[in-house]
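Asker: Structure: coords_31.txt, compact mmCIF, C-alpha atoms and all ligand atoms.
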# COMPACT_ATOMS: atom_id res chain seq x y z
CA MET A 28 -118.18 -15.69 -105.11
CA GLN A 29 -115.51 -18.41 -105.17
CA SER A 30 -114.51 -19.68 -101.74
CA GLY A 31 -112.19 -22.39 -100.46
CA LEU A 32 -109.55 -24.21 -102.44
CA THR A 33 -110.49 -25.52 -105.88
CA VAL A 34 -108.43 -28.45 -107.13
CA ARG A 35 -108.68 -30.45 -110.33
CA ILE A 36 -108.47 -34.24 -109.88
CA GLY A 37 -108.73 -36.08 -113.18
CA GLU A 38 -111.67 -34.68 -115.10
CA LEU A 39 -113.41 -33.15 -112.07
CA TRP A 40 -112.94 -29.97 -110.07
CA TYR A 41 -113.22 -30.26 -106.26
CA ASN A 42 -113.85 -27.29 -103.99
CA PHE A 43 -112.28 -27.70 -100.52
CA PHE A 44 -112.90 -25.39 -97.56
CA ALA A 45 -116.07 -24.24 -99.32
CA MET A 46 -118.54 -21.94 -97.67
CA ASN A 47 -120.27 -23.43 -94.62
CA VAL A 48 -123.80 -22.24 -95.34
CA LYS A 49 -124.99 -23.28 -91.86
CA LYS A 50 -122.59 -20.77 -90.33
CA PHE A 51 -123.11 -18.16 -93.03
CA VAL A 52 -126.89 -17.93 -92.74
CA LYS A 53 -128.36 -15.69 -90.01
CA PRO A 54 -128.75 -17.68 -86.74
CA ASN A 55 -132.50 -16.91 -86.53
CA ILE A 56 -132.97 -18.49 -89.98
CA TYR A 57 -130.74 -21.49 -89.25
CA SER A 58 -132.73 -22.38 -86.13
CA LEU A 59 -136.04 -21.95 -87.97
CA THR A 60 -138.09 -24.93 -89.16
CA ALA A 61 -139.69 -24.31 -92.55
CA TYR A 62 -143.49 -24.46 -92.74
CA GLN A 63 -144.42 -28.10 -93.35
CA ALA A 64 -146.51 -28.21 -96.51
CA LYS A 65 -145.58 -31.45 -98.23
CA GLU A 66 -147.58 -32.92 -101.09
CA ILE A 67 -148.62 -36.41 -99.99
CA SER A 68 -150.53 -38.33 -102.61
CA CYS A 69 -153.92 -39.57 -101.45
CA ARG A 70 -157.44 -40.32 -102.63
CA VAL A 71 -159.21 -37.92 -100.28
CA LYS A 72 -157.33 -34.74 -99.32
CA LEU A 73 -158.63 -33.34 -96.04
CA ASP A 74 -155.46 -31.89 -94.52
CA ALA A 75 -155.16 -28.24 -95.58
CA ASN A 76 -158.48 -26.50 -94.81
CA GLU A 77 -159.21 -25.93 -98.49
CA SER A 78 -162.71 -25.93 -99.95
CA PRO A 79 -163.72 -29.05 -101.86
CA TYR A 80 -165.60 -26.81 -104.29
CA GLY A 81 -163.87 -24.91 -107.11
CA PHE A 82 -165.18 -22.39 -109.64
CA ALA A 83 -164.59 -23.74 -113.12
CA ASP A 84 -166.74 -20.93 -114.62
CA GLY A 85 -164.44 -18.28 -113.16
CA TYR A 86 -161.66 -19.28 -115.51
CA THR A 87 -163.43 -18.10 -118.67
CA VAL A 88 -162.09 -14.59 -117.88
CA LEU A 89 -158.54 -15.80 -118.28
CA LYS A 90 -158.74 -15.33 -122.04
CA SER A 91 -159.02 -11.57 -121.55
CA VAL A 92 -155.94 -11.29 -119.30
CA LYS A 93 -152.94 -9.69 -120.96
CA THR A 94 -150.05 -11.74 -119.64
CA ASN A 95 -147.48 -9.59 -121.47
CA ARG A 96 -148.40 -6.67 -119.17
CA TYR A 97 -147.78 -6.29 -115.44
CA PRO A 98 -150.90 -6.76 -113.34
CA ASP A 99 -152.82 -3.81 -111.89
CA PRO A 100 -150.49 -2.93 -108.98
CA GLU A 101 -153.45 -1.72 -106.91
CA ALA A 102 -155.85 -4.61 -107.71
CA THR A 103 -158.40 -1.83 -108.24
CA MET A 104 -161.29 -3.89 -109.57
CA LEU A 105 -161.02 -6.61 -106.94
CA LYS A 106 -160.68 -4.14 -104.07
CA ARG A 107 -163.66 -2.15 -105.37
CA LEU A 108 -165.83 -5.30 -105.38
CA LEU A 109 -164.74 -6.29 -101.87
CA ALA A 110 -165.10 -2.78 -100.48
CA LYS A 111 -168.72 -2.82 -101.67
CA GLU A 112 -169.30 -6.25 -100.17
CA TRP A 113 -167.80 -5.22 -96.81
CA GLY A 114 -169.26 -1.69 -96.68
CA ILE A 115 -165.84 0.03 -96.49
CA ARG A 116 -163.60 2.07 -98.80
CA PRO A 117 -160.97 0.52 -101.13
CA ALA A 118 -158.39 2.67 -99.28
CA ASN A 119 -159.02 0.48 -96.22
CA ILE A 120 -157.97 -2.70 -98.05
CA LEU A 121 -154.52 -4.05 -98.91
CA GLN A 122 -154.15 -7.05 -101.21
CA GLY A 123 -151.74 -9.88 -100.51
CA ASN A 124 -150.43 -12.99 -102.23
CA GLY A 125 -152.43 -14.96 -99.69
CA SER A 126 -152.76 -13.65 -96.16
CA ASP A 127 -149.42 -15.30 -95.34
CA GLU A 128 -147.74 -12.52 -97.29
CA LEU A 129 -149.65 -9.90 -95.35
CA ILE A 130 -148.42 -11.34 -92.04
CA TYR A 131 -144.90 -10.87 -93.45
CA TYR A 132 -145.64 -7.29 -94.42
CA LEU A 133 -147.23 -6.41 -91.08
CA ILE A 134 -144.25 -7.67 -89.09
CA THR A 135 -141.80 -6.08 -91.57
CA ALA A 136 -143.55 -2.72 -91.24
CA PHE A 137 -144.24 -2.62 -87.50
CA GLY A 138 -141.73 -5.07 -86.00
CA GLY A 139 -142.02 -7.11 -82.81
CA PRO A 140 -142.40 -8.47 -80.26
CA VAL A 141 -145.23 -10.43 -81.82
CA LEU A 142 -147.66 -12.06 -79.43
CA TYR A 143 -150.29 -14.73 -80.08
CA PRO A 144 -152.14 -17.39 -78.13
CA VAL A 145 -151.05 -21.01 -78.70
CA PRO A 146 -151.91 -23.33 -80.27
CA THR A 147 -152.64 -21.16 -83.29
CA PHE A 148 -151.64 -20.66 -86.93
CA SER A 149 -147.91 -21.39 -87.08
CA MET A 150 -147.00 -18.66 -89.58
CA TYR A 151 -147.22 -15.84 -86.99
CA GLY A 152 -144.28 -17.37 -85.10
CA ILE A 153 -142.37 -18.56 -88.17
CA ILE A 154 -142.47 -15.15 -89.87
CA ALA A 155 -141.60 -13.30 -86.64
CA GLN A 156 -138.50 -15.49 -86.28
CA ALA A 157 -137.61 -15.16 -89.98
CA LEU A 158 -137.63 -11.39 -89.58
CA GLY A 159 -135.54 -11.54 -86.41
CA GLU A 160 -138.41 -10.49 -84.16
CA LYS A 161 -139.41 -12.08 -80.87
CA GLY A 162 -142.47 -14.35 -81.11
CA ILE A 163 -144.34 -14.97 -77.87
CA GLY A 164 -146.93 -17.76 -77.59
CA ILE A 165 -149.34 -17.54 -74.66
CA PRO A 166 -151.19 -20.82 -73.87
CA LEU A 167 -154.94 -20.76 -74.39
CA GLY A 168 -157.17 -21.41 -71.40
CA THR A 169 -160.03 -23.84 -70.93
CA ASP A 170 -162.11 -24.75 -73.99
CA PHE A 171 -159.31 -23.25 -76.08
CA ASP A 172 -160.55 -19.73 -75.27
CA LEU A 173 -158.18 -16.84 -74.53
CA ASP A 174 -156.79 -16.82 -71.00
CA GLY A 175 -157.62 -13.18 -70.27
CA SER A 176 -155.36 -12.61 -67.27
CA ARG A 177 -152.42 -14.48 -68.80
CA MET A 178 -152.74 -12.47 -72.01
CA ALA A 179 -153.01 -9.20 -70.05
CA GLY A 180 -149.92 -10.08 -67.98
CA ALA A 181 -147.89 -10.97 -71.09
CA ILE A 182 -148.99 -7.80 -72.88
CA ARG A 183 -147.93 -5.68 -69.89
CA ARG A 184 -144.60 -7.48 -69.60
CA GLU A 185 -143.64 -7.90 -73.27
CA LYS A 186 -145.18 -4.76 -74.79
CA PRO A 187 -145.90 -6.46 -78.15
CA LYS A 188 -146.09 -4.33 -81.26
CA ILE A 189 -148.49 -6.81 -82.86
CA ILE A 190 -150.97 -9.27 -81.37
CA PHE A 191 -152.44 -11.94 -83.69
CA LEU A 192 -155.83 -13.43 -82.79
CA SER A 193 -157.10 -16.06 -85.22
CA SER A 194 -160.85 -16.34 -84.69
CA PRO A 195 -162.08 -18.93 -85.54
CA ASN A 196 -158.74 -20.28 -84.44
CA ASN A 197 -156.68 -22.74 -86.46
CA PRO A 198 -156.25 -25.57 -85.40
CA THR A 199 -158.75 -25.57 -82.51
CA GLY A 200 -161.74 -24.44 -84.62
CA ASN A 201 -163.44 -22.23 -81.99
CA CYS A 202 -164.05 -18.48 -81.98
CA PHE A 203 -162.50 -16.69 -79.02
CA SER A 204 -164.87 -14.84 -76.71
CA SER A 205 -165.59 -11.43 -78.31
CA GLU A 206 -165.52 -9.73 -74.91
CA LYS A 207 -162.00 -10.97 -74.25
CA MET A 208 -160.87 -9.93 -77.72
CA LEU A 209 -162.42 -6.49 -77.31
CA GLN A 210 -160.78 -6.16 -73.91
CA ILE A 211 -157.38 -6.80 -75.56
CA ILE A 212 -158.07 -4.40 -78.44
CA ALA A 213 -159.28 -1.63 -76.11
CA SER A 214 -156.53 -2.06 -73.51
CA THR A 215 -153.76 -1.86 -76.12
CA SER A 216 -155.29 0.94 -78.19
CA SER A 217 -152.17 3.13 -78.27
CA LYS A 218 -149.49 0.44 -77.93
CA SER A 219 -150.21 -2.63 -80.07
CA LEU A 220 -151.82 -3.47 -83.36
CA VAL A 221 -154.35 -6.24 -82.87
CA VAL A 222 -154.74 -8.35 -85.99
CA VAL A 223 -157.94 -10.37 -85.99
CA ASP A 224 -157.30 -13.11 -88.52
CA GLU A 225 -160.72 -14.00 -89.92
CA ALA A 226 -159.56 -16.64 -92.42
CA TYR A 227 -162.41 -18.95 -91.30
CA HIS A 228 -165.02 -16.26 -90.67
CA PRO A 229 -167.30 -17.38 -93.55
CA PHE A 230 -168.05 -20.61 -91.65
CA ALA A 231 -168.64 -19.00 -88.24
CA SER A 232 -171.86 -17.93 -86.55
CA GLU A 233 -170.17 -14.88 -84.94
CA LYS A 234 -170.50 -11.64 -86.90
CA GLY A 235 -166.78 -10.83 -86.86
CA PHE A 236 -164.89 -7.60 -86.18
CA LEU A 237 -165.49 -5.64 -89.37
CA PRO A 238 -168.28 -3.57 -87.76
CA MET A 239 -165.81 -2.43 -85.07
CA LEU A 240 -163.21 -1.12 -87.47
CA GLY A 241 -164.28 2.47 -87.05
CA ASP A 242 -164.17 2.25 -83.24
CA TYR A 243 -160.60 1.02 -82.78
CA ARG A 244 -157.68 2.55 -84.64
CA ASN A 245 -155.34 -0.30 -83.66
CA LEU A 246 -157.64 -2.97 -85.13
CA VAL A 247 -156.54 -4.82 -88.27
CA ILE A 248 -158.65 -7.54 -89.86
CA MET A 249 -157.26 -10.21 -92.15
CA ARG A 250 -159.37 -12.14 -94.65
CA THR A 251 -158.55 -14.68 -97.35
CA LEU A 252 -160.22 -16.31 -100.34
CA SER A 253 -158.25 -19.51 -99.72
CA LYS A 254 -160.87 -21.23 -97.60
CA ILE A 255 -163.82 -20.53 -99.87
CA GLY A 256 -162.59 -22.17 -103.04
CA LEU A 257 -159.63 -20.13 -104.28
CA ALA A 258 -156.61 -21.45 -102.35
CA GLY A 259 -154.69 -21.96 -105.58
CA LEU A 260 -154.95 -18.27 -106.51
CA ARG A 261 -153.27 -16.94 -103.32
CA VAL A 262 -155.46 -13.95 -102.54
CA GLY A 263 -155.69 -12.37 -99.08
CA PHE A 264 -156.57 -8.96 -97.66
CA LEU A 265 -155.81 -6.64 -94.79
CA ILE A 266 -158.58 -4.33 -93.69
CA ALA A 267 -157.61 -1.41 -91.48
CA SER A 268 -157.49 2.38 -91.16
CA GLY A 269 -156.11 4.20 -94.22
CA GLU A 270 -153.10 5.20 -92.12
CA ILE A 271 -152.14 1.61 -91.29
CA ILE A 272 -152.75 0.45 -94.86
CA GLU A 273 -150.50 3.24 -96.15
CA GLU A 274 -147.57 2.15 -93.94
CA VAL A 275 -147.90 -1.58 -94.74
CA ASN A 276 -148.21 -0.73 -98.43
CA LYS A 277 -144.69 0.71 -98.35
CA VAL A 278 -143.18 -2.76 -97.82
CA ARG A 279 -145.47 -4.53 -100.30
CA LEU A 280 -143.61 -5.87 -103.32
CA PRO A 281 -144.81 -4.26 -106.54
CA PHE A 282 -147.33 -6.39 -108.46
CA ASN A 283 -147.62 -8.90 -105.60
CA LEU A 284 -151.01 -10.11 -106.78
CA ASN A 285 -150.74 -11.58 -110.28
CA ALA A 286 -153.10 -10.73 -113.12
CA LEU A 287 -154.63 -14.21 -113.41
CA SER A 288 -155.52 -14.32 -109.72
CA GLN A 289 -156.97 -10.82 -109.78
CA ALA A 290 -159.14 -11.62 -112.79
CA VAL A 291 -160.47 -14.97 -111.53
CA ALA A 292 -161.07 -13.67 -108.01
CA ALA A 293 -162.98 -10.64 -109.33
CA GLU A 294 -165.09 -12.91 -111.53
CA VAL A 295 -165.85 -15.33 -108.70
CA MET A 296 -166.83 -12.45 -106.40
CA GLN A 297 -169.69 -11.74 -108.83
CA HIS A 298 -171.08 -15.23 -108.19
CA LYS A 299 -172.00 -14.68 -104.57
CA ALA A 300 -174.96 -17.06 -104.59
CA GLU A 301 -172.70 -19.96 -105.56
CA LEU A 302 -170.09 -18.97 -102.96
CA ARG A 303 -172.72 -18.86 -100.22
CA GLN A 304 -174.18 -22.18 -101.31
CA HIS A 305 -170.75 -23.84 -101.01
CA ILE A 306 -170.21 -22.32 -97.57
CA ARG A 307 -173.64 -23.49 -96.36
CA ALA A 308 -172.92 -27.00 -97.67
CA ILE A 309 -169.63 -27.11 -95.74
CA VAL A 310 -171.24 -25.87 -92.51
CA ARG A 311 -174.04 -28.47 -92.84
CA GLU A 312 -171.47 -31.21 -93.42
CA ARG A 313 -169.34 -29.99 -90.50
CA GLU A 314 -172.27 -30.51 -88.14
CA LYS A 315 -172.90 -34.01 -89.55
CA VAL A 316 -169.23 -35.00 -89.30
CA PHE A 317 -169.05 -33.62 -85.74
CA ALA A 318 -172.10 -35.65 -84.67
CA GLU A 319 -170.68 -38.81 -86.25
CA LEU A 320 -167.24 -38.31 -84.70
CA SER A 321 -168.85 -37.85 -81.27
CA ASN A 322 -170.39 -41.31 -81.64
CA VAL A 323 -167.14 -43.13 -82.39
CA GLU A 324 -165.70 -44.77 -79.29
CA GLY A 325 -162.22 -43.47 -78.50
CA VAL A 326 -162.69 -40.32 -80.63
CA ALA A 327 -163.40 -36.90 -79.09
CA PRO A 328 -164.03 -33.99 -81.49
CA TYR A 329 -163.82 -30.34 -80.43
CA PRO A 330 -166.70 -28.03 -81.49
CA SER A 331 -165.81 -26.01 -84.59
CA GLU A 332 -166.87 -22.74 -86.23
CA ALA A 333 -164.48 -23.32 -89.13
CA ASN A 334 -164.23 -25.67 -92.15
CA PHE A 335 -162.30 -28.29 -90.17
CA ILE A 336 -162.61 -30.26 -86.94
CA LEU A 337 -159.88 -31.03 -84.43
CA PHE A 338 -160.34 -34.40 -82.77
CA ARG A 339 -158.57 -36.45 -80.15
CA VAL A 340 -157.87 -40.16 -80.69
CA GLU A 341 -156.26 -42.79 -78.54
CA ASP A 342 -153.31 -43.92 -80.65
CA VAL A 343 -152.80 -40.89 -82.84
CA ASP A 344 -149.85 -42.11 -84.94
CA ARG A 345 -151.55 -45.35 -85.73
CA VAL A 346 -154.87 -43.72 -86.62
CA TYR A 347 -153.09 -41.19 -88.87
CA GLN A 348 -151.19 -43.94 -90.69
CA GLY A 349 -154.29 -46.14 -90.82
CA LEU A 350 -156.27 -43.33 -92.48
CA LEU A 351 -153.46 -42.74 -94.95
CA GLY A 352 -153.48 -46.46 -95.73
CA GLU A 353 -157.16 -46.03 -96.62
CA GLY A 354 -156.24 -43.13 -98.92
CA VAL A 355 -157.43 -40.38 -96.56
CA LEU A 356 -155.02 -37.56 -95.70
CA VAL A 357 -155.72 -35.51 -92.56
CA ARG A 358 -153.36 -33.24 -90.59
CA HIS A 359 -151.32 -34.72 -87.74
CA MET A 360 -151.12 -32.13 -84.97
CA LYS A 361 -147.93 -33.48 -83.38
CA GLY A 362 -146.08 -30.73 -81.53
CA VAL A 363 -149.12 -28.45 -81.76
CA VAL A 364 -151.95 -30.28 -79.97
CA GLU A 365 -150.66 -33.66 -78.82
CA GLY A 366 -152.88 -36.67 -79.43
CA CYS A 367 -155.00 -34.87 -82.03
CA LEU A 368 -155.73 -34.90 -85.75
CA ARG A 369 -157.43 -32.18 -87.80
CA VAL A 370 -159.79 -33.04 -90.62
CA THR A 371 -160.98 -30.56 -93.23
CA ILE A 372 -164.63 -30.80 -94.22
CA GLY A 373 -164.90 -32.11 -97.77
CA THR A 374 -167.79 -33.04 -100.04
CA PRO A 375 -170.44 -35.35 -98.53
CA GLU A 376 -168.81 -38.26 -100.39
CA GLU A 377 -165.30 -37.41 -99.12
CA ASN A 378 -166.61 -37.09 -95.57
CA ARG A 379 -168.34 -40.45 -95.84
CA ILE A 380 -165.09 -42.06 -97.01
CA PHE A 381 -163.20 -40.40 -94.13
CA LEU A 382 -165.71 -41.50 -91.48
CA ARG A 383 -165.86 -45.06 -92.82
CA ALA A 384 -162.05 -45.25 -92.85
CA LEU A 385 -161.77 -43.79 -89.34
CA LYS A 386 -164.29 -46.23 -87.90
CA LYS A 387 -162.43 -49.12 -89.55
CA VAL A 388 -159.03 -47.97 -88.26
CA VAL A 389 -160.27 -47.33 -84.71
CA ARG A 390 -162.11 -50.69 -84.66
CA SER A 391 -159.02 -52.61 -85.79
CA GLU A 392 -156.99 -50.81 -83.13
CA LYS A 393 -159.44 -51.96 -80.43
CA GLU A 394 -159.36 -55.54 -81.73
CA ASP A 395 -155.56 -55.61 -81.55
CA LYS A 396 -155.56 -54.65 -77.89
N1 LIG B 1 -154.63 -17.49 -91.28
C1 LIG B 1 -155.02 -18.67 -90.81
C2 LIG B 1 -155.61 -18.75 -89.45
C3 LIG B 1 -154.86 -19.83 -91.58
O1 LIG B 1 -155.23 -21.02 -91.10
C4 LIG B 1 -154.30 -19.72 -92.87
C5 LIG B 1 -154.10 -20.90 -93.80
N2 LIG B 1 -153.85 -22.09 -93.27
C6 LIG B 1 -153.89 -18.47 -93.29
C7 LIG B 1 -154.08 -17.36 -92.48
C8 LIG B 1 -153.19 -18.27 -94.61
O2 LIG B 1 -154.07 -18.19 -95.63
P1 LIG B 1 -153.62 -17.79 -97.10
O3 LIG B 1 -153.89 -18.98 -97.92
O4 LIG B 1 -154.50 -16.62 -97.45
O5 LIG B 1 -152.18 -17.41 -97.06
Produce structure tokens that represent the structure in this file.
Ligand code: PMP

Answerer:
Amino acid sequence: MQSGLTVRIGELWYNFFAMNVKKFVKPNIYSLTAYQAKEISCRVKLDANESPYGFADGYTVLKSVKTNRYPDPEATMLKRLLAKEWGIRPANILQGNGSDELIYYLITAFGGPVLYPVPTFSMYGIIAQALGEKGIGIPLGTDFDLDGSRMAGAIRREKPKIIFLSSPNNPTGNCFSSEKMLQIIASTSSKSLVVVDEAYHPFASEKGFLPMLGDYRNLVIMRTLSKIGLAGLRVGFLIASGEIIEEVNKVRLPFNLNALSQAVAAEVMQHKAELRQHIRAIVREREKVFAELSNVEGVAPYPSEANFILFRVEDVDRVYQGLLGEGVLVRHMKGVVEGCLRVTIGTPEENRIFLRALKKVVRSEKEDK
């Protein structure tokens, strides 16, 4: 579409009164801030809750993938493997291009309002706004647990279609109390879908909500392979009643999970011992890093059931920049949890480099005072 007045001056064409995109775009998109996922070069990358361990062996299957054909639209093989692992039927699983995509599909299919405790994973709010739905953040209570009465009041008042509960929660790292979560699921049984986002479940001591799937028809569980070594493949899943899966499936783009990701993920799922070993190594390291952080003066870590630790520091901007200067990238939680940084658990060597750098930066800060 040609808009405005196009004039030739010398060799060049100028377009005056051209479209003002800021006014043309929907207001809910214009006022939205895109998810911040910049690539910052560093020596030790501990900012995105990825696993430090990959699966080089998984890629041997790539030779058998026919890239001239569309992928299996149903991800049959992968869903079959996961259904067996989780003790459910493939019809209770929906595949996503990462769980981010499934959040999109859920809100597209069921609409809003969308309610979630805050601080939590930012995509619930971003996607709600992108789809023109109301996003409602309810502050967490003490110890970053759900504030039961505040949540109940907001649910009564706002009548959300979907409630997202990330447990373990990103960025705080804790699991919410199961009783409080069950209370929310039970009290909203005919009015709201409750999506328990178990992205970090592999690192948690809690058993998760999969065993309760049969008891609550409004319960939806979300899982991802991103945190256990396959972030680059973008593979996530919804687990719910066949009825819910059927409705969400209607808005799923055809062939949303590419053939290479399906093949590698299915291969890796056959190497469960290696997967578990990596998870155990991360949990062991998490406990070590937590203990070390607790001993650094001016640093206060929060207990974590995930593959990262949120910690408070005195001069957060300076510590963040100081770490970056040492080649260590962590996540600055500005605007989410003030005064805090979030570090992903890496290999023992990466964690050692991080802790050494942090101690150096904090020490130099004290000396400057
Ligand atoms: N849920 C939570 C709580 C997360 O922290 C993340 C990733 N940061 C996701 C979902 C998205 O994961 P995926 O890579 O599967 O899109």

Asker: With only C-alpha atoms and all ligand atoms counted, collect every polymer residue having an atom within 6 Å of ligand LIG 1 (chain B); state the result as JSON, numbers by chain.

Answerer: {"A": [125, 126, 127, 148, 193, 197, 224, 226, 251, 253, 258, 261, 262, 263]}

Asker: Keeping only C-alpha atoms, take the residues you just selected and write them out as a PDB file, in the frame of the given file.

Answerer:
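Wrote part.pdb, looks like this:
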ATOM      1  CA  GLY A 125    -152.430 -14.960 -99.690  1.00  0.00           C
ATOM      2  CA  SER A 126    -152.760 -13.650 -96.160  1.00  0.00           C
ATOM      3  CA  ASP A 127    -149.420 -15.300 -95.340  1.00  0.00           C
ATOM      4  CA  PHE A 148    -151.640 -20.660 -86.930  1.00  0.00           C
ATOM      5  CA  SER A 193    -157.100 -16.060 -85.220  1.00  0.00           C
ATOM      6  CA  ASN A 197    -156.680 -22.740 -86.460  1.00  0.00           C
ATOM      7  CA  ASP A 224    -157.300 -13.110 -88.520  1.00  0.00           C
ATOM      8  CA  ALA A 226    -159.560 -16.640 -92.420  1.00  0.00           C
ATOM      9  CA  THR A 251    -158.550 -14.680 -97.350  1.00  0.00           C
ATOM     10  CA  SER A 253    -158.250 -19.510 -99.720  1.00  0.00           C
ATOM     11  CA  ALA A 258    -156.610 -21.450-102.350  1.00  0.00           C
ATOM     12  CA  ARG A 261    -153.270 -16.940-103.320  1.00  0.00           C
ATOM     13  CA  VAL A 262    -155.460 -13.950-102.540  1.00  0.00           C
ATOM     14  CA  GLY A 263    -155.690 -12.370 -99.080  1.00  0.00           C
TER      15      GLY A 263
END

Asker: Counting only C-alpha atoms, which residues come within 8 Å of (-154.1, -0.9, -82.5), with the point read in the file's coordinates, and could you list them as a tab-separated table (two decimals) with C-alpha atoms, in the coordinates of the input?

Answerer:
chain	number	residue	atom	x	y	z
A	212	ILE	CA	-158.07	-4.40	-78.44
A	215	THR	CA	-153.76	-1.86	-76.12
A	216	SER	CA	-155.29	0.94	-78.19
A	217	SER	CA	-152.17	3.13	-78.27
A	218	LYS	CA	-149.49	0.44	-77.93
A	219	SER	CA	-150.21	-2.63	-80.07
A	220	LEU	CA	-151.82	-3.47	-83.36
A	221	VAL	CA	-154.35	-6.24	-82.87
A	243	TYR	CA	-160.60	1.02	-82.78
A	244	ARG	CA	-157.68	2.55	-84.64
A	245	ASN	CA	-155.34	-0.30	-83.66
A	246	LEU	CA	-157.64	-2.97	-85.13
A	247	VAL	CA	-156.54	-4.82	-88.27

Asker: So how many Å separate atom CA of A:Val295 and atom CA of A:Ile380, to one decimal?

Answerer: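 Separation of atom CA of A:Val295 and atom CA of A:Ile380: 29.2 Å.
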
Asker: Could you build a table of the residues in stretch 61-170 of chain A lying no more than 12 Å from stretch 41-53 of chain A, giving for each the nearest pair of atoms and their separation in Å rounded to one decimal place, using only C-alpha atoms, ordered by chain and ascending residue number, as a Markdown table?

Answerer:
| residue | atom | partner | partner_atom | distance |
| --- | --- | --- | --- | --- |
| A:Gln156 | CA | A:Lys53 | CA | 10.8 |
| A:Ala157 | CA | A:Lys53 | CA | 9.3 |
| A:Leu158 | CA | A:Lys53 | CA | 10.2 |
| A:Gly159 | CA | A:Lys53 | CA | 9.0 |

Asker: For A:Ile115, which of A:Cys202, A:Ile336, A:Ala267, A:Ala64 is the closest residue, counting only C-alpha atoms?

Answerer: A:Ala267

Asker: Between atom CA of A:Lys254 and atom CA of A:Val223, measure the distance and give it in Å to one decimal.

Answerer: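 About the pair atom CA of A:Lys254 and atom CA of A:Val223: they are 16.2 Å apart.
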
Asker: For atom CA of A:Asn196 and atom CA of A:Phe236, determine how far apart the two atoms are, in Å to one decimal place.

Answerer: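 Computing the Euclidean distance for atom CA of A:Asn196 and atom CA of A:Phe236 yields 14.2 Å.
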
Asker: Name all residues at most 10 Å from A:Arg390 (count all atoms listed in the file; drop same-chain ones fewer than 4 positions away) and give them as an MDAnalysis selection string.

Answerer: chainID A and resid 323:325 384:386 394:395
